[in-house]
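Raw model38.cif, mmCIF, C-alpha atoms:
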data_coords
#
loop_
_atom_site.label_atom_id
_atom_site.label_comp_id
_atom_site.auth_asym_id
_atom_site.auth_seq_id
_atom_site.Cartn_x
_atom_site.Cartn_y
_atom_site.Cartn_z
CA MET N 182 229.72 38.71 87.45
CA ASP N 183 230.67 35.41 85.89
CA GLY N 184 230.80 36.82 82.36
CA GLY N 185 228.22 34.35 81.06
CA LYS N 186 225.98 35.70 78.33
CA ILE N 187 222.27 36.09 78.98
CA ARG N 188 221.08 35.78 75.41
CA ALA N 189 217.50 36.60 74.60
CA LEU N 190 217.60 38.16 71.14
CA SER N 191 219.99 38.29 68.27
CA GLY N 192 221.83 41.59 68.03
CA GLY N 193 219.71 44.57 67.05
CA VAL N 194 216.00 44.63 66.33
CA ASN N 195 214.61 42.10 63.88
CA GLN N 196 212.64 43.35 60.88
CA ARG N 197 209.29 42.14 62.19
CA ARG N 198 209.57 44.70 64.99
CA VAL N 199 210.37 47.67 62.79
CA ARG N 200 207.04 49.44 62.24
CA ASN N 201 206.07 52.09 59.72
CA ARG N 202 204.38 55.35 60.62
CA ASN N 203 200.79 54.22 60.06
CA GLU N 204 201.26 51.10 62.18
CA ARG N 205 202.85 53.16 64.95
CA LEU N 206 200.03 55.68 64.80
CA LEU N 207 197.40 52.94 64.96
CA MET N 208 199.01 51.30 67.99
CA SER N 209 199.51 54.69 69.65
CA ILE N 210 195.79 55.42 69.28
CA LEU N 211 194.90 52.06 70.82
CA GLN N 212 197.39 52.63 73.63
CA ARG N 213 195.91 56.02 74.51
CA GLN N 214 192.22 55.46 73.69
CA GLY N 215 191.77 51.77 74.47
CA ALA N 216 190.11 49.14 72.28
CA LEU N 217 188.51 50.44 69.07
CA PRO N 218 186.91 48.79 66.01
CA GLY N 219 188.39 49.24 62.55
CA ILE N 220 185.78 51.76 61.42
CA ASP N 221 186.66 54.13 64.28
CA LEU N 222 190.36 53.73 63.60
CA ALA N 223 189.78 54.56 59.92
CA LYS N 224 188.03 57.81 60.87
CA ARG N 225 190.72 58.83 63.35
CA MET N 226 193.57 58.07 60.98
CA GLY N 227 191.96 59.37 57.79
CA LEU N 228 192.43 56.06 55.98
CA THR N 229 189.97 53.82 54.17
CA PRO N 230 188.37 50.89 56.03
CA PRO N 231 190.03 48.34 53.69
CA ALA N 232 193.45 49.86 54.40
CA ILE N 233 192.80 49.66 58.15
CA SER N 234 191.55 46.07 57.85
CA THR N 235 194.75 45.04 56.08
CA MET N 236 196.84 46.72 58.74
CA LEU N 237 194.86 45.16 61.59
CA ARG N 238 195.20 41.66 60.11
CA LYS N 239 198.95 42.13 59.78
CA LEU N 240 199.40 43.40 63.34
CA GLU N 241 197.17 40.65 64.69
CA SER N 242 199.15 38.05 62.76
CA ASP N 243 202.35 39.47 64.26
CA GLY N 244 200.88 39.00 67.73
CA LEU N 245 200.74 42.71 68.55
CA LEU N 246 196.94 43.08 68.57
CA GLN N 247 194.06 41.02 69.90
CA ARG N 248 190.35 40.93 69.10
CA GLY N 249 187.90 41.94 71.78
CA GLU N 250 184.35 40.73 72.25
CA PRO N 251 182.05 41.65 69.32
CA THR N 252 179.69 44.56 69.95
CA ARG N 253 176.18 43.61 68.82
CA GLY N 254 172.84 45.39 68.65
CA LYS N 255 173.38 47.54 65.57
CA VAL N 256 172.45 47.07 61.94
CA GLY N 257 174.96 44.99 59.97
CA LYS N 258 177.84 42.89 61.16
CA PRO N 259 178.87 43.10 64.82
CA SER N 260 181.70 45.53 65.54
CA ILE N 261 184.93 43.90 66.75
CA PRO N 262 187.17 46.17 68.82
CA MET N 263 190.92 45.62 68.63
CA HIS N 264 193.36 46.19 71.48
CA LEU N 265 197.05 45.78 72.22
CA ASN N 266 198.08 42.23 73.04
CA PRO N 267 199.79 42.38 76.46
CA ASP N 268 201.91 39.33 75.57
CA GLY N 269 202.93 40.73 72.18
CA VAL N 270 205.85 42.78 73.45
CA LEU N 271 207.86 42.71 76.70
CA ALA N 272 210.61 45.03 77.89
CA LEU N 273 212.93 45.39 80.87
CA GLY N 274 213.49 48.63 82.74
CA LEU N 275 216.40 49.47 85.06
CA LYS N 276 216.23 52.50 87.35
CA ILE N 277 219.51 53.66 88.85
CA GLY N 278 218.54 55.81 91.80
CA ARG N 279 220.73 57.52 94.35
CA ARG N 280 219.56 55.15 97.09
CA THR N 281 217.94 52.22 95.24
CA ALA N 282 218.03 50.30 91.98
CA ASP N 283 215.11 48.42 90.46
CA LEU N 284 214.65 46.13 87.48
CA LEU N 285 211.20 45.24 86.21
CA LEU N 286 209.53 43.44 83.33
CA LEU N 287 206.78 45.38 81.56
CA ASP N 288 204.28 44.07 79.02
CA PHE N 289 202.75 45.82 75.98
CA ALA N 290 199.72 46.99 77.99
CA GLY N 291 201.87 48.58 80.71
CA ASN N 292 201.47 45.84 83.31
CA VAL N 293 204.45 45.06 85.56
CA ARG N 294 205.01 41.30 85.30
CA ALA N 295 207.93 40.96 87.75
CA SER N 296 210.51 43.09 89.53
CA GLU N 297 213.76 43.00 91.51
CA HIS N 298 214.99 45.60 94.02
CA THR N 299 218.18 46.54 95.87
CA THR N 300 219.38 49.35 98.12
CA TYR N 301 222.80 50.91 98.70
CA ASP N 302 224.47 53.97 100.18
CA TYR N 303 225.68 55.07 96.76
CA PRO N 304 225.20 53.55 93.27
CA LEU N 305 228.70 52.39 92.40
CA PRO N 306 229.02 51.00 88.84
CA ALA N 307 230.21 47.50 89.78
CA ASP N 308 227.32 47.05 92.23
CA VAL N 309 224.69 48.30 89.79
CA PHE N 310 225.79 46.11 86.88
CA THR N 311 226.13 43.07 89.15
CA PHE N 312 222.56 43.72 90.30
CA LEU N 313 221.40 44.01 86.68
CA HIS N 314 223.18 40.81 85.66
CA ASP N 315 221.84 38.77 88.58
CA SER N 316 218.31 40.19 88.40
CA LEU N 317 218.16 39.64 84.65
CA GLU N 318 219.05 35.99 85.15
CA THR N 319 216.37 35.69 87.85
CA LEU N 320 213.63 37.28 85.75
CA LEU N 321 214.45 35.44 82.52
CA ALA N 322 214.46 32.12 84.37
CA THR N 323 210.74 32.58 85.03
CA LEU N 324 209.86 33.12 81.34
CA SER N 325 209.14 30.72 78.52
CA ALA N 326 211.22 30.71 75.34
CA GLU N 327 208.36 32.46 73.52
CA GLU N 328 208.15 35.18 76.16
CA ILE N 329 211.89 35.76 76.01
CA GLU N 330 211.68 36.14 72.24
CA HIS N 331 209.15 38.95 72.75
CA ILE N 332 211.53 41.08 74.85
CA CYS N 333 212.40 44.10 72.71
CA GLY N 334 215.14 45.64 74.86
CA ILE N 335 216.36 47.03 78.17
CA GLY N 336 215.63 50.61 79.11
CA VAL N 337 217.94 52.36 81.58
CA ALA N 338 216.84 55.40 83.57
CA ALA N 339 219.63 57.27 85.36
CA PRO N 340 220.10 60.80 86.71
CA PHE N 341 221.77 63.25 84.34
CA GLU N 342 225.50 63.51 85.16
CA LEU N 343 225.14 60.92 87.91
CA TRP N 344 228.84 61.17 88.77
CA ARG N 345 228.35 64.72 90.08
CA TRP N 346 225.82 63.81 92.80
CA SER N 347 228.13 62.47 95.49
CA ASP N 348 229.73 63.65 98.70
CA LEU N 349 232.02 60.60 98.87
CA ALA N 350 235.72 60.86 99.57
CA GLY N 351 238.72 58.59 98.98
CA PRO N 352 238.66 55.42 96.84
CA ALA N 353 234.84 55.27 96.84
CA ALA N 354 234.70 58.76 95.32
CA GLU N 355 237.01 57.66 92.51
CA GLN N 356 234.81 54.65 91.82
CA PHE N 357 231.76 56.88 91.72
CA LYS N 358 233.40 59.17 89.15
CA LEU N 359 233.67 56.17 86.81
CA TRP N 360 230.05 56.84 85.83
CA LYS N 361 231.28 59.73 83.68
CA ASP N 362 232.88 57.35 81.19
CA ILE N 363 230.46 54.44 81.48
CA ASP N 364 229.03 53.19 78.19
CA PHE N 365 225.83 51.40 79.22
CA ALA N 366 225.50 49.46 75.97
CA GLU N 367 229.08 48.24 76.27
CA GLN N 368 228.62 47.17 79.90
CA VAL N 369 225.35 45.32 79.30
CA ALA N 370 226.71 43.67 76.12
CA ARG N 371 229.07 41.70 78.38
CA PHE N 372 226.16 39.58 79.54
CA SER N 373 223.18 40.27 77.25
CA ASP N 374 222.44 40.81 73.56
CA LEU N 375 219.32 42.86 74.25
CA PRO N 376 219.24 46.36 72.71
CA ILE N 377 219.85 49.15 75.25
CA PHE N 378 217.89 52.42 75.51
CA VAL N 379 219.33 54.96 77.96
CA GLY N 380 217.56 58.07 79.20
CA ASN N 381 217.20 60.56 81.99
CA ASP N 382 215.37 59.15 85.02
CA ALA N 383 212.91 62.03 85.43
CA THR N 384 212.14 61.99 81.70
CA ALA N 385 211.47 58.26 82.01
CA ALA N 386 209.08 58.93 84.90
CA CYS N 387 207.32 61.52 82.75
CA ARG N 388 206.91 58.98 79.94
CA ALA N 389 205.43 56.46 82.37
CA GLU N 390 202.83 58.98 83.51
CA HIS N 391 202.14 59.97 79.92
CA LEU N 392 201.58 56.40 78.72
CA TYR N 393 199.97 54.79 81.75
CA GLY N 394 198.78 57.57 84.03
CA ARG N 395 196.98 60.89 83.85
CA GLY N 396 199.08 62.06 80.93
CA LYS N 397 196.30 60.74 78.70
CA GLU N 398 194.11 63.61 79.90
CA PHE N 399 196.37 66.40 78.64
CA ARG N 400 198.02 67.37 75.37
CA ASP N 401 200.71 69.70 76.78
CA TYR N 402 201.96 69.70 80.37
CA ALA N 403 205.02 69.83 82.59
CA TYR N 404 205.82 67.09 85.08
CA PHE N 405 207.77 67.18 88.34
CA PHE N 406 209.14 64.04 90.00
CA VAL N 407 210.40 64.61 93.54
CA GLY N 408 213.03 61.98 94.32
CA SER N 409 216.29 62.20 96.23
CA PHE N 410 216.72 65.14 93.84
CA VAL N 411 213.78 66.71 92.04
CA GLY N 412 213.61 66.40 88.26
CA GLY N 413 211.03 66.68 85.56
CA GLY N 414 209.87 66.30 82.00
CA ILE N 415 207.70 68.08 79.48
CA VAL N 416 205.03 66.83 77.09
CA MET N 417 204.02 68.71 73.97
CA ASN N 418 201.75 67.61 71.15
CA ASP N 419 200.92 64.37 72.97
CA SER N 420 204.57 63.20 73.14
CA VAL N 421 207.32 63.47 75.72
CA PHE N 422 209.82 65.99 74.41
CA GLU N 423 213.40 64.91 75.12
CA GLY N 424 215.28 67.65 73.27
CA ASN N 425 218.30 67.52 70.99
CA GLN N 426 220.55 65.98 73.65
CA GLY N 427 217.93 64.12 75.68
CA ASN N 428 217.95 66.63 78.53
CA ALA N 429 214.84 68.70 77.84
CA GLY N 430 212.68 69.21 80.92
CA ALA N 431 215.67 69.42 83.28
CA LEU N 432 213.42 71.20 85.74
CA GLY N 433 215.63 70.37 88.72
CA SER N 434 218.18 72.86 87.39
CA MET N 435 215.73 75.79 87.41
CA ARG N 436 216.83 78.86 89.32
CA ALA N 437 215.66 79.20 92.92
CA THR N 438 216.60 81.41 95.87
CA GLY N 439 218.24 80.20 99.08
CA PRO N 440 217.42 81.40 102.63
CA MET N 441 220.05 84.17 102.41
CA GLY N 442 218.90 85.32 99.00
CA GLU N 443 221.64 83.42 97.20
CA SER N 444 221.09 81.80 93.81
CA ARG N 445 220.31 78.11 94.05
CA GLN N 446 218.81 75.37 91.90
CA LEU N 447 215.44 73.74 92.46
CA ILE N 448 217.19 70.49 93.44
CA ASP N 449 218.72 72.37 96.39
CA VAL N 450 215.39 73.51 97.81
CA ALA N 451 212.75 70.93 96.80
CA SER N 452 214.24 67.43 97.07
CA ILE N 453 213.94 64.48 99.45
CA HIS N 454 217.66 64.69 100.27
CA LEU N 455 216.79 67.78 102.37
CA LEU N 456 214.40 65.66 104.43
CA GLU N 457 217.09 63.00 104.77
CA THR N 458 219.45 65.65 106.16
CA ARG N 459 216.87 66.75 108.73
CA LEU N 460 216.40 63.18 109.90
CA ILE N 461 220.15 62.66 110.24
CA GLU N 462 220.47 65.88 112.24
CA ALA N 463 217.72 64.56 114.55
CA GLY N 464 219.62 61.30 115.04
CA LEU N 465 217.23 59.25 112.93
CA ASN N 466 218.03 56.74 110.20
CA PRO N 467 217.05 58.21 106.78
CA ASP N 468 216.57 54.67 105.44
CA MET N 469 213.12 54.92 107.03
CA LEU N 470 212.11 57.02 104.03
CA TRP N 471 212.85 54.24 101.56
CA SER N 472 211.58 51.18 103.47
CA GLN N 473 208.85 49.27 101.62
CA PRO N 474 205.95 49.65 101.92
CA GLN N 475 206.50 53.36 102.46
CA ASP N 476 204.87 54.96 105.49
CA TRP N 477 205.99 58.43 106.53
CA SER N 478 203.26 59.01 109.12
CA VAL N 479 205.62 58.46 112.06
CA LEU N 480 207.89 61.19 110.65
CA SER N 481 205.21 63.90 110.37
CA ARG N 482 207.18 66.23 112.66
CA TYR N 483 209.90 66.40 110.00
CA VAL N 484 207.82 65.78 106.89
CA ASP N 485 205.40 68.65 107.48
CA PRO N 486 207.92 71.53 107.29
CA TRP N 487 209.63 69.84 104.35
CA LEU N 488 206.28 69.68 102.55
CA GLY N 489 205.74 73.39 103.15
CA GLN N 490 209.08 74.38 101.66
CA THR N 491 208.83 71.94 98.75
CA ALA N 492 205.30 73.06 97.85
CA GLN N 493 206.27 76.73 97.84
CA GLU N 494 209.25 76.09 95.57
CA LEU N 495 207.25 73.89 93.19
CA ALA N 496 204.55 76.57 92.94
CA LYS N 497 207.13 79.15 91.86
CA ALA N 498 208.78 76.67 89.48
CA ALA N 499 205.41 75.81 87.93
CA LEU N 500 204.83 79.44 86.99
CA SER N 501 208.36 79.79 85.65
CA VAL N 502 207.82 76.79 83.38
CA CYS N 503 204.52 78.19 82.14
CA SER N 504 206.13 81.53 81.29
CA VAL N 505 207.96 79.70 78.48
CA VAL N 506 205.20 77.35 77.30
CA ASP N 507 201.58 77.85 78.36
CA PHE N 508 201.13 74.30 79.64
CA GLU N 509 197.56 73.42 80.52
CA ALA N 510 198.63 71.46 83.58
CA ILE N 511 201.47 70.67 85.97
CA LEU N 512 201.58 67.04 87.16
CA ILE N 513 203.42 66.17 90.37
CA ASP N 514 204.68 62.77 91.51
CA GLY N 515 207.55 61.46 93.57
CA ALA N 516 209.27 58.69 95.50
CA PHE N 517 206.96 59.04 98.49
CA PRO N 518 203.68 57.58 99.79
CA ALA N 519 200.45 58.49 98.01
CA ASP N 520 199.12 60.49 100.97
CA VAL N 521 202.27 62.65 100.96
CA ARG N 522 201.85 63.27 97.23
CA GLN N 523 198.24 64.30 97.74
CA GLU N 524 199.18 66.75 100.51
CA LEU N 525 202.03 68.19 98.43
CA VAL N 526 199.72 68.85 95.47
CA GLU N 527 197.13 70.54 97.71
CA ARG N 528 199.79 72.80 99.21
CA VAL N 529 201.17 73.74 95.78
CA ARG N 530 197.66 74.78 94.76
CA ARG N 531 197.32 76.97 97.85
CA TYR N 532 200.72 78.60 97.39
CA LEU N 533 199.94 79.29 93.75
CA VAL N 534 197.04 81.54 94.75
CA ASN N 535 199.43 84.03 96.36
CA GLN N 536 201.96 84.13 93.53
CA ASP N 537 202.31 86.97 91.03
CA THR N 538 200.68 85.59 87.88
CA ARG N 539 200.53 88.71 85.73
CA GLY N 540 200.87 87.85 82.03
CA LEU N 541 200.48 84.12 82.68
CA ILE N 542 197.76 81.55 82.14
CA VAL N 543 197.70 79.77 85.48
CA PRO N 544 197.98 75.99 84.95
CA ARG N 545 196.03 73.29 86.69
CA ILE N 546 198.07 71.60 89.43
CA GLU N 547 197.30 67.89 89.31
CA GLU N 548 198.34 64.76 91.13
CA ALA N 549 200.10 62.13 89.02
CA VAL N 550 199.18 58.49 89.66
CA VAL N 551 201.97 56.14 88.57
CA GLY N 552 203.87 56.69 91.81
CA GLN N 553 207.30 55.77 93.08
CA ASP N 554 207.84 53.12 90.36
CA ALA N 555 207.47 55.69 87.58
CA ARG N 556 211.17 55.81 86.72
CA GLU N 557 211.64 52.08 86.18
CA ILE N 558 208.28 51.77 84.38
CA GLY N 559 209.32 54.66 82.16
CA ALA N 560 212.67 53.00 81.55
CA ALA N 561 210.99 49.79 80.38
CA SER N 562 208.58 51.75 78.19
CA GLY N 563 211.54 53.31 76.35
CA PRO N 564 212.27 50.28 74.12
CA ILE N 565 208.53 49.77 73.52
CA PHE N 566 207.84 53.39 72.65
CA SER N 567 210.88 53.65 70.38
CA GLN N 568 209.92 50.63 68.31
CA PHE N 569 206.12 50.55 68.32
CA PHE N 570 204.55 53.93 69.10
CA LEU N 571 204.57 57.25 67.27
CA ASN N 572 206.84 60.05 68.47
CA THR N 573 205.40 63.28 67.11
CA HIS N 574 208.75 64.98 67.70
CA ALA N 575 210.74 62.67 65.45
CA GLY N 576 210.62 62.08 61.71
CA LEU N 577 209.75 58.49 60.91
CA SER N 578 210.27 56.80 57.56
CA ARG N 579 208.83 53.66 56.11
#

Written form, structure tokens:
Amino acid sequence: MDGGKIRALSGGVNQRRVRNRNERLLMSILQRQGALPGIDLAKRMGLTPPAISTMLRKLESDGLLQRGEPTRGKVGKPSIPMHLNPDGVLALGLKIGRRTADLLLLDFAGNVRASEHTTYDYPLPADVFTFLHDSLETLLATLSAEEIEHICGIGVAAPFELWRWSDLAGPAAEQFKLWKDIDFAEQVARFSDLPIFVGNDATAACRAEHLYGRGKEFRDYAYFFVGSFVGGGIVMNDSVFEGNQGNAGALGSMRATGPMGESRQLIDVASIHLLETRLIEAGLNPDMLWSQPQDWSVLSRYVDPWLGQTAQELAKAALSVCSVVDFEAILIDGAFPADVRQELVERVRRYLVNQDTRGLIVPRIEEAVVGQDAREIGAASGPIFSQFFLNTHAGLSR
């Protein structure tokens, strides 16, 4: 990296972007329910119509809301629905995966405006931050000064304890271990003044599904994302629950049983890295799994048994999760083609029928919809959610 600063905002978050609880609640309702007129918002929020009108005018003036087409045909003035202004807020999201890294630009409505992608054998720090620096320059070069001013931060989604997931040896292994002491904010500050929001990659994927996918259909649910290593997230009271240390919903660490009856973790028995190993043993290049656009149909001989094992383990894990919290649903997604996801969900449902469910309320097993980009979309939604939407698990002050 050349060390040049990519400056888009002054340090920190300016006061115009700091929103009180009522404003966050209003925008959260619009995000989840879609466009609504002021009178409906007043009923949902328990506030007077004049109070809502004042708030709507302020948010519209700040460029965060837009007016929809008036609804006519009723007595009195036409109803004007309000909705989030896609151009009002932008955010960047970086996913650091075990095989790929992606950077994308997300708008306030959840639309992906642009993206950059790279692959590697292992995510070494120097390579990842060089990719971020170069991709950030590329993306910002396509934006106007006004659009750049609307960027509220960079979200980073990375696996928990990334430095532990490596079978490298020698100098490369030492470089990989550097992740343990990496301060993301410090690294990014070398070339950008944008605020940094760092989180677990599977939790980020869960947030993406919650905001922009089928998460809108459920109040409380658990979420599995099957990547190189399986992970997850949990949603309670209509918000992603991250926990005291940001590691709630670490479903990949759930107990499982190996083929010899030994104690294992879910990541050891229900992850794509197992399929990679099978391909390598068969003399095939595992990069086939990550080529875009993804198509695993030619690998059905190897994918089918992997699906069987993964589905059985996810079925058992789903019941274990629901023995702690009676989630109404389990959503499943992953870094694989949509047809593979659909087959995996169907198999989990079938395996669940034969499990011992005494004392449990059996959850619905549902297919998530955001797909393989969920982690980077969730990363970009981190800065937006933190500054504009209501987190029911955190105390907010005016």

My list of candidates is N:Val416, N:Gly244, N:Ile261, N:Ile377. Which is closest to N:Leu222 when distances are computed with only C-alpha atoms?
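Of all the options, N:Ile261 lies closest to N:Leu222.
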
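Of note, atom CA of N:Ser260 and atom CA of N:Leu217 are spaced 9.1 Å apart.
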
For the file shown, what are the residues hit by the PyMOL selection byres ((chain N and resi 460-471) around 10), laid out as a list of chain:residue names?
N:Arg280, N:Thr281, N:Thr300, N:Tyr301, N:Asp302, N:Ile453, N:His454, N:Leu455, N:Leu456, N:Glu457, N:Thr458, N:Arg459, N:Ser472, N:Gln473, N:Pro474, N:Gln475, N:Asp476, N:Trp477, N:Val479, N:Leu480, N:Tyr483, N:Val484, N:Ala516, N:Phe517, N:Pro518

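Note that atom CA of N:Lys224 and atom CA of N:Arg205 are 16.1 Å apart.
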
Once the PyMOL selection byres ((chain N and resi 327) around 12) is applied to the coordinates I shared, what remains selected? I want it as a PyMOL selection string.
chain N and resi 189-190+244+268-271+321+323-326+328-332

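Nearest residue to N:Thr311, choosing from N:Ala429, N:Val551, N:Ala366, N:Ala282 and counting all atoms listed in the file: N:Ala282.
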
Take the PyMOL selection byres ((chain N and resi 408) around 7), run it mentally on this structure, and tell me the resulting residues as a ChimeraX atom specification.
/N:406-407,409-411,452-453,515-516

Go through N:Glu204, N:Asp485, N:Asp283, N:Asp554 one by one, measure the shortest atom-to-atom distance of each to N:Leu240 using all atoms listed in the file, and give the residue with the smallest value.
N:Glu204

What gap, in Å, lies between atom CA of N:Asp362 and atom CA of N:Leu320?
28.2 Å

Could you check which of N:Gly278, N:Pro267, N:Pro304, N:Gly215 is closest to N:Asn292, using all atoms listed in the file?
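So, comparing all the options, the nearest one is N:Pro267.
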